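Colleague: Pasting a structure below so you can have a look.
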Amino acid sequence: MAAVSNTEATNLTTPSSDNNNGNDTNTTTTFSISPVTLQKLPHLKDYIPQQALKSQPNPLEHNQFYHPSQGFYISHSDIVLRHIVFDLSESFPSSASSVAYQRAGPRDRVFFDPSQTRAAIVTCGGLCPGLNTVIRELVVALWDLYGVRQIFGVKAGYRGFYSSEPVELNPKLVHSWHSRGGTVLETSRGGFDLQKIVDGIQDFNQVYIIGGDGTMRGAVQIFDEIRRRKLNVSITCIPKTVDNDVGIIDRSFGFQTAVEMAQQAISAAHVEAESAVNGIGLVKLMGRSTGHIALHATLSSRDVDCCLIPEMEFYLEGKGGLFEFLEQRLRENGHAVLVVAEGAGQDMIPRTDAQKEERDESGNPVFLDVGGWLKSELKKWWARNHQNELLTVKYIDPTYMIRAVPANATDRLYCTLLAHSAIHGVMAGYTGFVSGPINGTYAYIPLEEVAQSKNEVNTKDHKWAWVRSVTNQPDFMKV
């Protein structure tokens, strides 16, 4: 965290690289850093006439749970740097490395009268551990911290704004929701009718949207339409993706729970493989475009012999291929465990013309079952090259088991902090933003920027090298 304006220059000192013949000196070299580029955060003041917006002291000033003192409220000069690691041997910082965001937290003035506030909460897209926790914490914090009494749940995703009546929520009703998997508000994909959605949103003045990348792309359109109509409505997104593929923020809620649950599937696959002659345990984990769950589950398990992710190409036959590696493992250990992310190898699976064009309700390409395809290819390979030898392939797909569980303790705490951060920002009049941690400090990030970002596994960094050192798998680079 840094507290500088976007026009202020900062000096950074670091010990000199001069050796001085081994003498210990206090010589320092001063590096001048260009001004930080603070990303503009949308605010209701940007398009609502000043006379229509009235600010008031933050209700937390008189809340029994808080005793605000100096430094409690966040000021405009409190920022969070996107990048905190620099190479002093290079010319820096670049325009990208000096980007900063507003720090999340309560402001001393709010732009909503709690007695007149009508808040809506909606969950969209697929299930993820922690959905009910976020809903619960939004309700409880709005009620207990800011005194909001009109809180509503929109059912069945975006379509709920125009297809059903909202459900009134209160702390007593949601008290135990954090212990339940799924979303009590129900969810769905698709149903995105912009005009109908915004027509429904006009009944509220705060909207909390919980969803992933597709949901956030829709939220950008909703935010633009709200601004076009000049509605006094603040909208925020709480990023939800079990795949951890949302960019800029450190991680998405539910991810750690998913990695923890994936261990059970990997352990079961290991037992099955170890108990068979030439046994292969094959586990397919979530990860359409990124392999974070597969990567972290592999590192946590240490029973995995090969990890395949969407960011890395691989091949089956020939020298350095998957089959050669698995044959070597079976010869050495008598068994092997293979983990594959659902988005890996999709371009290798034969498709019909109709399958190539197929899309789900969110507009995403429909993936074929890479686990089932790999199981079939493994059996064909073994029958072709190892006649009269046994091979057992046990395929485990725990996708829906993982998605449906409640969040673990770590994710529950994270969900609470995300909910509180979102509420503080909305009450302060900010809109069109996402709240989340950047380098461990919570920040407000423009919604459009997050919707366009992606958090992919860097197969050239230390973490992926660690995976390969743990599994001893090939790099699948054809010579």
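Chain lettering (A, B, ...) mirrors the order of the structure tokens, residue numbering begins at 1 for each chain separately, and ligand numbering begins at 1 in order of display.
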Within 12 Å of A:His335, counting only C-alpha atoms, which residues show up once you throw out same-chain ones fewer than 2 positions away? Write them as a PDB file with N, CA, C and O atoms, in the first residue's frame, please.

Modeller:
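Once everything was written out, this is selection-v8.pdb:
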```pdb
ATOM      1  N   ALA A 269      -7.846 -41.621  -6.655  1.00  0.00           N
ATOM      2  CA  ALA A 269      -7.247 -42.106  -7.896  1.00  0.00           C
ATOM      3  C   ALA A 269      -5.926 -42.810  -7.620  1.00  0.00           C
ATOM      4  O   ALA A 269      -5.595 -43.828  -8.248  1.00  0.00           O
ATOM      5  N   HIS A 270      -5.173 -42.279  -6.660  1.00  0.00           N
ATOM      6  CA  HIS A 270      -3.889 -42.892  -6.305  1.00  0.00           C
ATOM      7  C   HIS A 270      -4.098 -44.273  -5.696  1.00  0.00           C
ATOM      8  O   HIS A 270      -3.375 -45.230  -6.031  1.00  0.00           O
ATOM      9  N   VAL A 271      -5.079 -44.392  -4.818  1.00  0.00           N
ATOM     10  CA  VAL A 271      -5.373 -45.689  -4.202  1.00  0.00           C
ATOM     11  C   VAL A 271      -5.806 -46.700  -5.263  1.00  0.00           C
ATOM     12  O   VAL A 271      -5.360 -47.859  -5.272  1.00  0.00           O
ATOM     13  N   GLU A 272      -6.695 -46.276  -6.165  1.00  0.00           N
ATOM     14  CA  GLU A 272      -7.165 -47.170  -7.224  1.00  0.00           C
ATOM     15  C   GLU A 272      -5.997 -47.611  -8.120  1.00  0.00           C
ATOM     16  O   GLU A 272      -5.879 -48.795  -8.462  1.00  0.00           O
ATOM     17  N   ALA A 273      -5.143 -46.682  -8.493  1.00  0.00           N
ATOM     18  CA  ALA A 273      -4.025 -47.012  -9.375  1.00  0.00           C
ATOM     19  C   ALA A 273      -3.028 -47.925  -8.691  1.00  0.00           C
ATOM     20  O   ALA A 273      -2.525 -48.888  -9.289  1.00  0.00           O
ATOM     21  N   GLU A 274      -2.744 -47.632  -7.426  1.00  0.00           N
ATOM     22  CA  GLU A 274      -1.763 -48.409  -6.675  1.00  0.00           C
ATOM     23  C   GLU A 274      -2.244 -49.823  -6.413  1.00  0.00           C
ATOM     24  O   GLU A 274      -1.432 -50.746  -6.227  1.00  0.00           O
ATOM     25  N   SER A 275      -3.554 -50.003  -6.417  1.00  0.00           N
ATOM     26  CA  SER A 275      -4.130 -51.316  -6.086  1.00  0.00           C
ATOM     27  C   SER A 275      -4.363 -52.190  -7.310  1.00  0.00           C
ATOM     28  O   SER A 275      -4.921 -53.287  -7.189  1.00  0.00           O
ATOM     29  N   ALA A 276      -3.981 -51.715  -8.472  1.00  0.00           N
ATOM     30  CA  ALA A 276      -4.204 -52.479  -9.704  1.00  0.00           C
ATOM     31  C   ALA A 276      -2.878 -52.778 -10.392  1.00  0.00           C
ATOM     32  O   ALA A 276      -1.864 -52.134 -10.137  1.00  0.00           O
ATOM     33  N   VAL A 277      -2.922 -53.767 -11.265  1.00  0.00           N
ATOM     34  CA  VAL A 277      -1.759 -54.073 -12.092  1.00  0.00           C
ATOM     35  C   VAL A 277      -1.724 -53.061 -13.229  1.00  0.00           C
ATOM     36  O   VAL A 277      -2.693 -52.912 -13.977  1.00  0.00           O
ATOM     37  N   ASN A 278      -0.612 -52.355 -13.330  1.00  0.00           N
ATOM     38  CA  ASN A 278      -0.511 -51.289 -14.327  1.00  0.00           C
ATOM     39  C   ASN A 278      -1.716 -50.342 -14.229  1.00  0.00           C
ATOM     40  O   ASN A 278      -2.439 -50.098 -15.200  1.00  0.00           O
ATOM     41  N   GLY A 279      -1.916 -49.836 -13.041  1.00  0.00           N
ATOM     42  CA  GLY A 279      -3.065 -48.975 -12.798  1.00  0.00           C
ATOM     43  C   GLY A 279      -2.767 -47.512 -13.083  1.00  0.00           C
ATOM     44  O   GLY A 279      -1.711 -46.990 -12.708  1.00  0.00           O
ATOM     45  N   ILE A 280      -3.695 -46.856 -13.756  1.00  0.00           N
ATOM     46  CA  ILE A 280      -3.603 -45.417 -14.004  1.00  0.00           C
ATOM     47  C   ILE A 280      -4.832 -44.745 -13.405  1.00  0.00           C
ATOM     48  O   ILE A 280      -5.967 -45.093 -13.749  1.00  0.00           O
ATOM     49  N   GLY A 281      -4.599 -43.812 -12.502  1.00  0.00           N
ATOM     50  CA  GLY A 281      -5.691 -43.016 -11.950  1.00  0.00           C
ATOM     51  C   GLY A 281      -5.757 -41.702 -12.707  1.00  0.00           C
ATOM     52  O   GLY A 281      -4.783 -40.951 -12.767  1.00  0.00           O
ATOM     53  N   LEU A 282      -6.895 -41.442 -13.319  1.00  0.00           N
ATOM     54  CA  LEU A 282      -7.077 -40.258 -14.155  1.00  0.00           C
ATOM     55  C   LEU A 282      -8.120 -39.341 -13.505  1.00  0.00           C
ATOM     56  O   LEU A 282      -9.260 -39.753 -13.270  1.00  0.00           O
ATOM     57  N   ASP A 303       1.213 -36.891  -5.135  1.00  0.00           N
ATOM     58  CA  ASP A 303       0.966 -38.228  -5.673  1.00  0.00           C
ATOM     59  C   ASP A 303       0.771 -38.205  -7.179  1.00  0.00           C
ATOM     60  O   ASP A 303       0.562 -39.247  -7.805  1.00  0.00           O
ATOM     61  N   VAL A 304       0.822 -37.025  -7.766  1.00  0.00           N
ATOM     62  CA  VAL A 304       0.525 -36.864  -9.194  1.00  0.00           C
ATOM     63  C   VAL A 304       1.797 -37.072 -10.013  1.00  0.00           C
ATOM     64  O   VAL A 304       2.843 -36.526  -9.693  1.00  0.00           O
ATOM     65  N   ASP A 305       1.670 -37.848 -11.084  1.00  0.00           N
ATOM     66  CA  ASP A 305       2.809 -38.103 -11.970  1.00  0.00           C
ATOM     67  C   ASP A 305       2.835 -37.188 -13.183  1.00  0.00           C
ATOM     68  O   ASP A 305       3.896 -36.986 -13.781  1.00  0.00           O
ATOM     69  N   PHE A 325       6.036 -41.380 -21.475  1.00  0.00           N
ATOM     70  CA  PHE A 325       6.271 -41.047 -20.068  1.00  0.00           C
ATOM     71  C   PHE A 325       5.493 -41.980 -19.143  1.00  0.00           C
ATOM     72  O   PHE A 325       6.036 -42.491 -18.147  1.00  0.00           O
ATOM     73  N   LEU A 326       4.222 -42.237 -19.461  1.00  0.00           N
ATOM     74  CA  LEU A 326       3.408 -43.107 -18.610  1.00  0.00           C
ATOM     75  C   LEU A 326       3.926 -44.548 -18.624  1.00  0.00           C
ATOM     76  O   LEU A 326       3.899 -45.242 -17.598  1.00  0.00           O
ATOM     77  N   GLU A 327       4.397 -44.991 -19.774  1.00  0.00           N
ATOM     78  CA  GLU A 327       4.957 -46.342 -19.851  1.00  0.00           C
ATOM     79  C   GLU A 327       6.179 -46.467 -18.939  1.00  0.00           C
ATOM     80  O   GLU A 327       6.358 -47.474 -18.239  1.00  0.00           O
ATOM     81  N   GLN A 328       6.992 -45.429 -18.925  1.00  0.00           N
ATOM     82  CA  GLN A 328       8.164 -45.438 -18.049  1.00  0.00           C
ATOM     83  C   GLN A 328       7.741 -45.467 -16.579  1.00  0.00           C
ATOM     84  O   GLN A 328       8.318 -46.210 -15.778  1.00  0.00           O
ATOM     85  N   ARG A 329       6.727 -44.682 -16.228  1.00  0.00           N
ATOM     86  CA  ARG A 329       6.247 -44.671 -14.842  1.00  0.00           C
ATOM     87  C   ARG A 329       5.651 -46.015 -14.425  1.00  0.00           C
ATOM     88  O   ARG A 329       5.868 -46.488 -13.309  1.00  0.00           O
ATOM     89  N   LEU A 330       4.900 -46.611 -15.316  1.00  0.00           N
ATOM     90  CA  LEU A 330       4.313 -47.920 -15.002  1.00  0.00           C
ATOM     91  C   LEU A 330       5.412 -48.965 -14.831  1.00  0.00           C
ATOM     92  O   LEU A 330       5.313 -49.851 -13.965  1.00  0.00           O
ATOM     93  N   ARG A 331       6.448 -48.872 -15.638  1.00  0.00           N
ATOM     94  CA  ARG A 331       7.551 -49.822 -15.529  1.00  0.00           C
ATOM     95  C   ARG A 331       8.311 -49.626 -14.212  1.00  0.00           C
ATOM     96  O   ARG A 331       8.736 -50.582 -13.571  1.00  0.00           O
ATOM     97  N   GLU A 332       8.453 -48.370 -13.780  1.00  0.00           N
ATOM     98  CA  GLU A 332       9.208 -48.078 -12.557  1.00  0.00           C
ATOM     99  C   GLU A 332       8.391 -48.293 -11.288  1.00  0.00           C
ATOM    100  O   GLU A 332       8.878 -48.856 -10.308  1.00  0.00           O
ATOM    101  N   ASN A 333       7.137 -47.829 -11.303  1.00  0.00           N
ATOM    102  CA  ASN A 333       6.334 -47.829 -10.078  1.00  0.00           C
ATOM    103  C   ASN A 333       5.142 -48.777 -10.100  1.00  0.00           C
ATOM    104  O   ASN A 333       4.535 -49.026  -9.059  1.00  0.00           O
ATOM    105  N   VAL A 337      -0.572 -41.578 -11.694  1.00  0.00           N
ATOM    106  CA  VAL A 337      -1.730 -40.708 -11.495  1.00  0.00           C
ATOM    107  C   VAL A 337      -1.599 -39.524 -12.450  1.00  0.00           C
ATOM    108  O   VAL A 337      -0.572 -38.842 -12.481  1.00  0.00           O
ATOM    109  N   LEU A 338      -2.655 -39.299 -13.212  1.00  0.00           N
ATOM    110  CA  LEU A 338      -2.680 -38.241 -14.221  1.00  0.00           C
ATOM    111  C   LEU A 338      -3.795 -37.259 -13.889  1.00  0.00           C
ATOM    112  O   LEU A 338      -4.952 -37.652 -13.738  1.00  0.00           O
ATOM    113  N   LEU A 390      -2.097 -56.547 -18.696  1.00  0.00           N
ATOM    114  CA  LEU A 390      -3.203 -55.852 -18.039  1.00  0.00           C
ATOM    115  C   LEU A 390      -2.970 -54.343 -17.987  1.00  0.00           C
ATOM    116  O   LEU A 390      -1.838 -53.868 -17.859  1.00  0.00           O
ATOM    117  N   LEU A 391      -4.058 -53.591 -18.070  1.00  0.00           N
ATOM    118  CA  LEU A 391      -4.048 -52.144 -17.829  1.00  0.00           C
ATOM    119  C   LEU A 391      -5.385 -51.768 -17.222  1.00  0.00           C
ATOM    120  O   LEU A 391      -6.444 -52.164 -17.721  1.00  0.00           O
ATOM    121  N   THR A 392      -5.335 -51.019 -16.137  1.00  0.00           N
ATOM    122  CA  THR A 392      -6.558 -50.533 -15.505  1.00  0.00           C
ATOM    123  C   THR A 392      -6.523 -49.015 -15.455  1.00  0.00           C
ATOM    124  O   THR A 392      -5.572 -48.422 -14.950  1.00  0.00           O
ATOM    125  N   VAL A 393      -7.545 -48.380 -16.029  1.00  0.00           N
ATOM    126  CA  VAL A 393      -7.664 -46.919 -15.991  1.00  0.00           C
ATOM    127  C   VAL A 393      -8.919 -46.553 -15.216  1.00  0.00           C
ATOM    128  O   VAL A 393     -10.030 -46.908 -15.627  1.00  0.00           O
ATOM    129  N   LYS A 394      -8.752 -45.893 -14.099  1.00  0.00           N
ATOM    130  CA  LYS A 394      -9.881 -45.442 -13.281  1.00  0.00           C
ATOM    131  C   LYS A 394     -10.027 -43.934 -13.463  1.00  0.00           C
ATOM    132  O   LYS A 394      -9.132 -43.163 -13.117  1.00  0.00           O
TER     133      LYS A 394
END
```

Colleague: Check which residues of stretch 75-165 of chain A sit at most 12 Å from stretch 284-288 of chain A using only C-alpha atoms, and return one row each with the closest pair of atoms and their distance in Å to one decimal, ordered by chain and rising number, as a tab-separated table.

Modeller:
```
residue	atom	partner	partner_atom	distance
A:Gly126	CA	A:Met286	CA	11.7
A:Leu127	CA	A:Met286	CA	11.9
A:Cys128	CA	A:Met286	CA	11.1
```

Colleague: Could you jot down the atom CA of A:Asp369 to atom CA of A:Val340 separation for me, Å, one decimal place?

Modeller: 10.6 Å

Colleague: Can you tell me how far atom CA of A:Thr416 sits from atom CA of A:Ile74, in Å to one decimal?

Modeller: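 So the answer is 18.7 Å.
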
Colleague: To test your reading of the structure, identify every residue in stretch 108-320 of chain A that backbone DSSP assigns to strand (DSSP E or B), and report it as a PyMOL selection string.

Modeller: chain A and resi 109-110+118-123+150-154+167-169+206-211+234-240+253+279-285+306-308

Colleague: Which of stretch 172-387 of chain A end up as alpha helix (DSSP H) when DSSP is run on this backbone - answer as a PyMOL selection string?

Modeller: chain A and resi 172-174+194-201+213-229+255-274+292-301+322-333+353-357+370-385

Colleague: Leaving out stretch 348-357 of chain A and any residue of its chain fewer than 4 positions from it, which residues lie within 9 Å of it when counting only C-alpha atoms, given as a count of residues only?

Modeller: 8

Colleague: Could you check how far atom CA of A:Val122 sits from atom CA of A:Ala219, in Å to one decimal?

Modeller: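 Separating atom CA of A:Val122 from atom CA of A:Ala219 is a distance of 11.4 Å.
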